[in-house]
Amino acid sequence: MRGSIPIVLCLCLLAGWKSRAVAAEEAADPAATVQSLLRAVRVLAQPADKKAEAEAIREISGTFDIVALSKACLRKTWEKLSPEERKRFVALLREVLEKVAYPKSAKFFTDTEMEVEDVVREGGKAEVSTLVVHPDEGEVEVGYCLEWHDGKWLIEDILLDGVSLRRDLRSQAQKILHDESYEDLKRRLREKLNE
């Protein structure tokens with residue numbers, strides 16, 4: 001009986017090692033990050049309970065580099081902000097994404113089919129090219145630009161038929177910062193939450 005305990009223990013450890021190895025392999029695949037995002041978006045698109053919805057939103061946010069998106073939007077203004085104010089801006093942008101952008105995206109991806117066409121990796125960056133077949137829009141090329149951060153791939157930009165969402169968001173933010181102010185940008189983001 002005692003002799004079998006080490007064998008059982010070794011098998012348990014080996015099984016745990018194998019599942020961690022599979023998880024690490026999936027984490028090393030940028031296409032898996034995109035597929036995880038799309039699975040969560042589809043969950044969000046379906047009428048579900050609040051717990052499933054909250055989990056889907058958490059998973060979607062976990063695939064994005066919201067800090068990098070915040071820096072890209074603010075550009076020079078980011079450098080002028082205190083660390084506390086940077087955290088507040090990132091939290092505000094995250095809230096707008098979670099309450100406004102993700103649900104709108106979920107509506108678009110309802111009843112679509114997606115196929116990964118190509119994955120290109122170069123160093124710590126990757127681009128996953130997909131083809132989405134939408135019932136009304138037809139075929140839409142969607143590219144996901146990812147960067148390797150702390151042991152996982154994070155999405156930094158999405159290209160819809162070649163148009164950068166990050167660049168579009170940055171352009172809108174920079175216009176407000178130029179014509180108005182940082183406080184006005186935050187006010188407008190908060191207004192989005194109340195629409």
# chains A, B, ... in the order shown; residues from 1 in each chain; ligands from 1
>>> residues_around(residues="segment 49-63 of chain A", least_positions_apart="3", cutoff="10 Å", atoms="only C-alpha atoms", output="compact mmCIF listing (two decimals) with N, CA and C atoms, in the first residue's frame")
# COMPACT_ATOMS: atom_id res chain seq x y z
N THR A 33 -5.73 33.42 -28.23
CA THR A 33 -6.20 34.64 -27.57
C THR A 33 -7.38 35.23 -28.33
N VAL A 34 -7.25 35.28 -29.66
CA VAL A 34 -8.33 35.82 -30.50
C VAL A 34 -9.57 34.94 -30.39
N SER A 36 -10.41 33.05 -27.89
CA SER A 36 -10.95 33.26 -26.55
C SER A 36 -11.79 34.54 -26.51
N LEU A 37 -11.27 35.60 -27.13
CA LEU A 37 -12.00 36.86 -27.22
C LEU A 37 -13.35 36.64 -27.90
N LEU A 38 -13.33 35.97 -29.05
CA LEU A 38 -14.56 35.79 -29.82
C LEU A 38 -15.56 34.88 -29.11
N ARG A 39 -15.08 33.87 -28.38
CA ARG A 39 -15.99 33.03 -27.59
C ARG A 39 -16.70 33.89 -26.54
N ALA A 40 -15.94 34.75 -25.87
CA ALA A 40 -16.52 35.60 -24.83
C ALA A 40 -17.49 36.61 -25.43
N VAL A 41 -17.16 37.15 -26.60
CA VAL A 41 -18.05 38.10 -27.27
C VAL A 41 -19.37 37.42 -27.63
N ARG A 42 -19.28 36.17 -28.09
CA ARG A 42 -20.51 35.44 -28.43
C ARG A 42 -21.36 35.17 -27.20
N VAL A 43 -20.73 34.89 -26.06
CA VAL A 43 -21.48 34.70 -24.81
C VAL A 43 -22.20 36.00 -24.47
N LEU A 44 -21.50 37.11 -24.65
CA LEU A 44 -22.08 38.42 -24.35
C LEU A 44 -23.24 38.74 -25.28
N ALA A 45 -23.21 38.23 -26.50
CA ALA A 45 -24.26 38.49 -27.48
C ALA A 45 -25.55 37.73 -27.17
N GLN A 46 -25.44 36.65 -26.43
CA GLN A 46 -26.61 35.83 -26.11
C GLN A 46 -27.23 36.33 -24.81
N ILE A 66 -5.27 47.44 -22.26
CA ILE A 66 -6.00 48.70 -22.11
C ILE A 66 -5.06 49.83 -21.70
N ARG A 94 -11.55 51.60 -19.54
CA ARG A 94 -11.98 50.20 -19.37
C ARG A 94 -13.49 50.14 -19.17
N GLU A 95 -14.02 51.03 -18.34
CA GLU A 95 -15.46 51.03 -18.08
C GLU A 95 -16.26 51.34 -19.35
N LEU A 97 -15.26 50.77 -22.44
CA LEU A 97 -15.15 49.59 -23.29
C LEU A 97 -16.11 48.50 -22.83
N GLU A 98 -16.12 48.24 -21.53
CA GLU A 98 -16.92 47.15 -20.99
C GLU A 98 -18.43 47.41 -21.09
N LYS A 99 -18.84 48.66 -20.90
CA LYS A 99 -20.28 48.94 -20.87
C LYS A 99 -20.84 49.40 -22.21
N TYR A 102 -17.97 46.76 -25.89
CA TYR A 102 -18.11 45.29 -25.95
C TYR A 102 -19.54 44.86 -26.33
N PRO A 103 -20.57 45.45 -25.68
CA PRO A 103 -21.93 45.05 -26.09
C PRO A 103 -22.24 45.36 -27.56
N LEU A 146 -1.24 41.77 -31.79
CA LEU A 146 -1.01 41.38 -30.41
C LEU A 146 0.45 41.59 -30.03
N LYS A 152 1.62 36.19 -21.73
CA LYS A 152 0.41 35.99 -22.53
C LYS A 152 0.34 37.03 -23.64
N TRP A 153 -0.44 36.70 -24.66
CA TRP A 153 -0.66 37.62 -25.78
C TRP A 153 -1.80 38.57 -25.43
N LEU A 154 -1.58 39.87 -25.65
CA LEU A 154 -2.62 40.86 -25.44
C LEU A 154 -2.88 41.60 -26.75
N ILE A 155 -4.14 41.86 -27.04
CA ILE A 155 -4.51 42.56 -28.26
C ILE A 155 -4.27 44.05 -28.06
N GLU A 156 -3.53 44.64 -29.00
CA GLU A 156 -3.25 46.08 -28.95
C GLU A 156 -4.02 46.86 -29.99
>>> select_by_dssp(residues="segment 38-139 of chain A", states="helix (DSSP H, G or I)", output="ChimeraX atom specification")
/A:38-45,50-63,66-74,76-80,83-109
>>> closest_residue(among="A:Leu159, A:Ala126, A:Ala72, A:Val119", to="Val142 of chain A", atoms="only C-alpha atoms")
A:Leu159
>>> residues_around(residues="Val140 of chain A", least_positions_apart="6", cutoff="12 Å", atoms="only C-alpha atoms", output="PyMOL selection string")
chain A and resi 108-109+112-115+129-134+159-163
>>> write_last_selection(atoms="N, CA and C atoms", output="PDB file, in the first residue's frame")
ATOM      1  N   PHE A 108     -22.563  42.853 -33.375  1.00  0.00           N
ATOM      2  CA  PHE A 108     -22.002  42.639 -34.710  1.00  0.00           C
ATOM      3  C   PHE A 108     -21.645  41.166 -34.912  1.00  0.00           C
ATOM      4  N   PHE A 109     -21.060  40.538 -33.894  1.00  0.00           N
ATOM      5  CA  PHE A 109     -20.562  39.167 -34.040  1.00  0.00           C
ATOM      6  C   PHE A 109     -21.638  38.094 -33.848  1.00  0.00           C
ATOM      7  N   THR A 112     -22.275  35.247 -36.736  1.00  0.00           N
ATOM      8  CA  THR A 112     -21.182  35.303 -37.708  1.00  0.00           C
ATOM      9  C   THR A 112     -20.381  34.014 -37.658  1.00  0.00           C
ATOM     10  N   GLU A 113     -19.654  33.774 -38.736  1.00  0.00           N
ATOM     11  CA  GLU A 113     -18.696  32.676 -38.776  1.00  0.00           C
ATOM     12  C   GLU A 113     -17.315  33.301 -38.901  1.00  0.00           C
ATOM     13  N   MET A 114     -16.347  32.738 -38.194  1.00  0.00           N
ATOM     14  CA  MET A 114     -15.001  33.289 -38.226  1.00  0.00           C
ATOM     15  C   MET A 114     -14.005  32.194 -38.535  1.00  0.00           C
ATOM     16  N   GLU A 115     -13.056  32.530 -39.394  1.00  0.00           N
ATOM     17  CA  GLU A 115     -12.012  31.583 -39.768  1.00  0.00           C
ATOM     18  C   GLU A 115     -10.657  32.278 -39.652  1.00  0.00           C
ATOM     19  N   SER A 129      -4.810  37.137 -38.699  1.00  0.00           N
ATOM     20  CA  SER A 129      -5.756  37.570 -39.732  1.00  0.00           C
ATOM     21  C   SER A 129      -6.928  36.611 -39.757  1.00  0.00           C
ATOM     22  N   THR A 130      -8.130  37.171 -39.708  1.00  0.00           N
ATOM     23  CA  THR A 130      -9.335  36.351 -39.736  1.00  0.00           C
ATOM     24  C   THR A 130     -10.273  36.860 -40.821  1.00  0.00           C
ATOM     25  N   LEU A 131     -11.150  35.989 -41.231  1.00  0.00           N
ATOM     26  CA  LEU A 131     -12.219  36.350 -42.148  1.00  0.00           C
ATOM     27  C   LEU A 131     -13.525  36.074 -41.428  1.00  0.00           C
ATOM     28  N   VAL A 132     -14.327  37.111 -41.287  1.00  0.00           N
ATOM     29  CA  VAL A 132     -15.616  36.996 -40.612  1.00  0.00           C
ATOM     30  C   VAL A 132     -16.704  37.084 -41.669  1.00  0.00           C
ATOM     31  N   VAL A 133     -17.609  36.141 -41.643  1.00  0.00           N
ATOM     32  CA  VAL A 133     -18.749  36.167 -42.563  1.00  0.00           C
ATOM     33  C   VAL A 133     -19.960  36.615 -41.755  1.00  0.00           C
ATOM     34  N   HIS A 134     -20.421  37.832 -42.082  1.00  0.00           N
ATOM     35  CA  HIS A 134     -21.534  38.456 -41.373  1.00  0.00           C
ATOM     36  C   HIS A 134     -22.802  38.315 -42.224  1.00  0.00           C
ATOM     37  N   LEU A 159      -7.899  45.574 -36.718  1.00  0.00           N
ATOM     38  CA  LEU A 159      -8.018  46.174 -38.048  1.00  0.00           C
ATOM     39  C   LEU A 159      -9.263  45.621 -38.725  1.00  0.00           C
ATOM     40  N   LEU A 160     -10.238  46.490 -38.989  1.00  0.00           N
ATOM     41  CA  LEU A 160     -11.450  46.093 -39.695  1.00  0.00           C
ATOM     42  C   LEU A 160     -11.301  46.505 -41.151  1.00  0.00           C
ATOM     43  N   ASP A 161     -11.169  45.526 -42.024  1.00  0.00           N
ATOM     44  CA  ASP A 161     -10.887  45.793 -43.434  1.00  0.00           C
ATOM     45  C   ASP A 161      -9.731  46.777 -43.581  1.00  0.00           C
ATOM     46  N   GLY A 162      -8.704  46.604 -42.753  1.00  0.00           N
ATOM     47  CA  GLY A 162      -7.490  47.418 -42.830  1.00  0.00           C
ATOM     48  C   GLY A 162      -7.533  48.713 -42.045  1.00  0.00           C
ATOM     49  N   VAL A 163      -8.670  49.069 -41.468  1.00  0.00           N
ATOM     50  CA  VAL A 163      -8.796  50.316 -40.714  1.00  0.00           C
ATOM     51  C   VAL A 163      -8.519  50.038 -39.240  1.00  0.00           C
TER      52      VAL A 163
END
>>> atom_distance(atom1="atom CA of Arg166 of chain A", atom2="atom CA of Lys186 of chain A")
17.5 Å
>>> atom_distance(atom1="atom CA of Ile158 of chain A", atom2="atom CA of Asn194 of chain A")
25.5 Å
>>> residues_around(residues="Asp157 of chain A", least_positions_apart="4", cutoff="7 Å", atoms="only C-alpha atoms", output="list in words")
Tyr144, Cys145, Ser164, Leu165 and Arg166 of chain A
>>> write_last_selection(atoms="C-alpha atoms", output="mmCIF file, in the first residue's frame")
data_model
loop_
_atom_site.group_PDB
_atom_site.id
_atom_site.type_symbol
_atom_site.label_atom_id
_atom_site.label_comp_id
_atom_site.auth_asym_id
_atom_site.auth_seq_id
_atom_site.Cartn_x
_atom_site.Cartn_y
_atom_site.Cartn_z
ATOM 1 C CA TYR A 144 -5.741 41.392 -34.532
ATOM 2 C CA CYS A 145 -2.385 42.924 -33.583
ATOM 3 C CA SER A 164 -7.124 50.580 -37.304
ATOM 4 C CA LEU A 165 -9.550 50.954 -34.409
ATOM 5 C CA ARG A 166 -6.688 52.100 -32.187
#
>>> atom_distance(atom1="atom CA of Glu79 of chain A", atom2="atom CA of Lys175 of chain A")
17.6 Å
>>> select_by_dssp(residues="chain A", states="strand (DSSP E)", output="count of residues only")
43
>>> closest_residue(among="A:Arg88, A:Lys80, A:Lys125, A:Arg75", to="Pro30 of chain A", atoms="only C-alpha atoms")
A:Lys125
>>> decode(residues="segment 125-170 of chain A", atoms="N, CA and C atoms", output="CSV table (one decimal), in the first residue's frame")
chain,number,residue,atom,x,y,z
A,125,LYS,N,5.7,40.2,-31.1
A,125,LYS,CA,4.5,40.7,-31.7
A,125,LYS,C,3.9,39.7,-32.6
A,126,ALA,N,2.6,39.8,-32.8
A,126,ALA,CA,1.9,38.8,-33.7
A,126,ALA,C,0.7,39.5,-34.4
A,127,GLU,N,0.4,39.0,-35.5
A,127,GLU,CA,-0.9,39.5,-36.2
A,127,GLU,C,-1.7,38.2,-36.6
A,128,VAL,N,-2.9,38.2,-36.2
A,128,VAL,CA,-3.8,37.1,-36.5
A,128,VAL,C,-4.8,37.7,-37.5
A,129,SER,N,-4.8,37.1,-38.7
A,129,SER,CA,-5.8,37.6,-39.7
A,129,SER,C,-6.9,36.6,-39.8
A,130,THR,N,-8.1,37.2,-39.7
A,130,THR,CA,-9.3,36.4,-39.7
A,130,THR,C,-10.3,36.9,-40.8
A,131,LEU,N,-11.1,36.0,-41.2
A,131,LEU,CA,-12.2,36.4,-42.1
A,131,LEU,C,-13.5,36.1,-41.4
A,132,VAL,N,-14.3,37.1,-41.3
A,132,VAL,CA,-15.6,37.0,-40.6
A,132,VAL,C,-16.7,37.1,-41.7
A,133,VAL,N,-17.6,36.1,-41.6
A,133,VAL,CA,-18.7,36.2,-42.6
A,133,VAL,C,-20.0,36.6,-41.8
A,134,HIS,N,-20.4,37.8,-42.1
A,134,HIS,CA,-21.5,38.5,-41.4
A,134,HIS,C,-22.8,38.3,-42.2
A,135,PRO,N,-24.0,38.0,-41.6
A,135,PRO,CA,-25.2,37.8,-42.4
A,135,PRO,C,-25.6,39.0,-43.2
A,136,ASP,N,-25.3,40.2,-42.7
A,136,ASP,CA,-25.7,41.4,-43.5
A,136,ASP,C,-24.5,42.1,-44.2
A,137,GLU,N,-23.4,42.1,-43.6
A,137,GLU,CA,-22.2,42.8,-44.1
A,137,GLU,C,-21.4,42.0,-45.1
A,138,GLY,N,-21.6,40.7,-45.1
A,138,GLY,CA,-20.9,39.8,-46.0
A,138,GLY,C,-19.5,39.4,-45.4
A,139,GLU,N,-18.5,39.3,-46.2
A,139,GLU,CA,-17.1,39.0,-45.7
A,139,GLU,C,-16.4,40.3,-45.2
A,140,VAL,N,-15.9,40.2,-44.0
A,140,VAL,CA,-15.1,41.3,-43.4
A,140,VAL,C,-13.8,40.7,-42.9
A,141,GLU,N,-12.7,41.3,-43.4
A,141,GLU,CA,-11.4,40.9,-42.9
A,141,GLU,C,-11.1,41.6,-41.6
A,142,VAL,N,-10.8,40.9,-40.6
A,142,VAL,CA,-10.5,41.4,-39.3
A,142,VAL,C,-9.1,40.9,-38.8
A,143,GLY,N,-8.2,41.9,-38.6
A,143,GLY,CA,-6.9,41.5,-38.1
A,143,GLY,C,-6.7,42.0,-36.7
A,144,TYR,N,-6.0,41.1,-35.9
A,144,TYR,CA,-5.7,41.4,-34.5
A,144,TYR,C,-4.2,41.5,-34.3
A,145,CYS,N,-3.8,42.7,-33.9
A,145,CYS,CA,-2.4,42.9,-33.6
A,145,CYS,C,-2.2,42.7,-32.1
A,146,LEU,N,-1.2,41.8,-31.8
A,146,LEU,CA,-1.0,41.4,-30.4
A,146,LEU,C,0.4,41.6,-30.0
A,147,GLU,N,0.6,41.7,-28.7
A,147,GLU,CA,2.0,41.8,-28.2
A,147,GLU,C,2.1,40.9,-27.0
A,148,TRP,N,3.3,40.3,-26.8
A,148,TRP,CA,3.5,39.3,-25.7
A,148,TRP,C,3.8,40.1,-24.4
A,149,HIS,N,3.0,40.0,-23.4
A,149,HIS,CA,3.2,40.7,-22.1
A,149,HIS,C,3.0,39.7,-21.0
A,150,ASP,N,4.0,39.6,-20.1
A,150,ASP,CA,3.9,38.8,-18.9
A,150,ASP,C,3.3,37.4,-19.1
A,151,GLY,N,3.8,36.7,-20.1
A,151,GLY,CA,3.4,35.4,-20.3
A,151,GLY,C,2.1,35.1,-21.1
A,152,LYS,N,1.6,36.2,-21.7
A,152,LYS,CA,0.4,36.0,-22.5
A,152,LYS,C,0.3,37.0,-23.6
A,153,TRP,N,-0.4,36.7,-24.7
A,153,TRP,CA,-0.7,37.6,-25.8
A,153,TRP,C,-1.8,38.6,-25.4
A,154,LEU,N,-1.6,39.9,-25.7
A,154,LEU,CA,-2.6,40.9,-25.4
A,154,LEU,C,-2.9,41.6,-26.8
A,155,ILE,N,-4.1,41.9,-27.0
A,155,ILE,CA,-4.5,42.6,-28.3
A,155,ILE,C,-4.3,44.0,-28.1
A,156,GLU,N,-3.5,44.6,-29.0
A,156,GLU,CA,-3.2,46.1,-28.9
A,156,GLU,C,-4.0,46.9,-30.0
A,157,ASP,N,-4.5,46.2,-31.0
A,157,ASP,CA,-5.2,46.9,-32.1
A,157,ASP,C,-6.0,45.9,-32.8
A,158,ILE,N,-7.1,46.3,-33.4
A,158,ILE,CA,-8.0,45.5,-34.3
A,158,ILE,C,-8.1,46.3,-35.6
A,159,LEU,N,-7.9,45.6,-36.7
A,159,LEU,CA,-8.0,46.2,-38.0
A,159,LEU,C,-9.3,45.6,-38.7
A,160,LEU,N,-10.2,46.5,-39.0
A,160,LEU,CA,-11.5,46.1,-39.7
A,160,LEU,C,-11.3,46.5,-41.2
A,161,ASP,N,-11.2,45.5,-42.0
A,161,ASP,CA,-10.9,45.8,-43.4
A,161,ASP,C,-9.7,46.8,-43.6
A,162,GLY,N,-8.7,46.6,-42.8
A,162,GLY,CA,-7.5,47.4,-42.8
A,162,GLY,C,-7.5,48.7,-42.0
A,163,VAL,N,-8.7,49.1,-41.5
A,163,VAL,CA,-8.8,50.3,-40.7
A,163,VAL,C,-8.5,50.0,-39.2
A,164,SER,N,-7.6,50.8,-38.7
A,164,SER,CA,-7.1,50.6,-37.3
A,164,SER,C,-8.1,51.2,-36.3
A,165,LEU,N,-8.7,50.4,-35.4
A,165,LEU,CA,-9.5,51.0,-34.4
A,165,LEU,C,-8.8,51.8,-33.4
A,166,ARG,N,-7.5,51.4,-33.1
A,166,ARG,CA,-6.7,52.1,-32.2
A,166,ARG,C,-6.4,53.5,-32.7
A,167,ARG,N,-6.0,53.6,-34.0
A,167,ARG,CA,-5.7,54.8,-34.7
A,167,ARG,C,-6.9,55.7,-34.7
A,168,ASP,N,-8.1,55.1,-35.0
A,168,ASP,CA,-9.4,55.9,-35.0
A,168,ASP,C,-9.7,56.5,-33.6
A,169,LEU,N,-9.6,55.6,-32.6
A,169,LEU,CA,-9.8,56.1,-31.2
A,169,LEU,C,-8.8,57.2,-30.8
A,170,ARG,N,-7.5,57.0,-31.2
A,170,ARG,CA,-6.5,58.0,-30.9
A,170,ARG,C,-6.8,59.3,-31.6
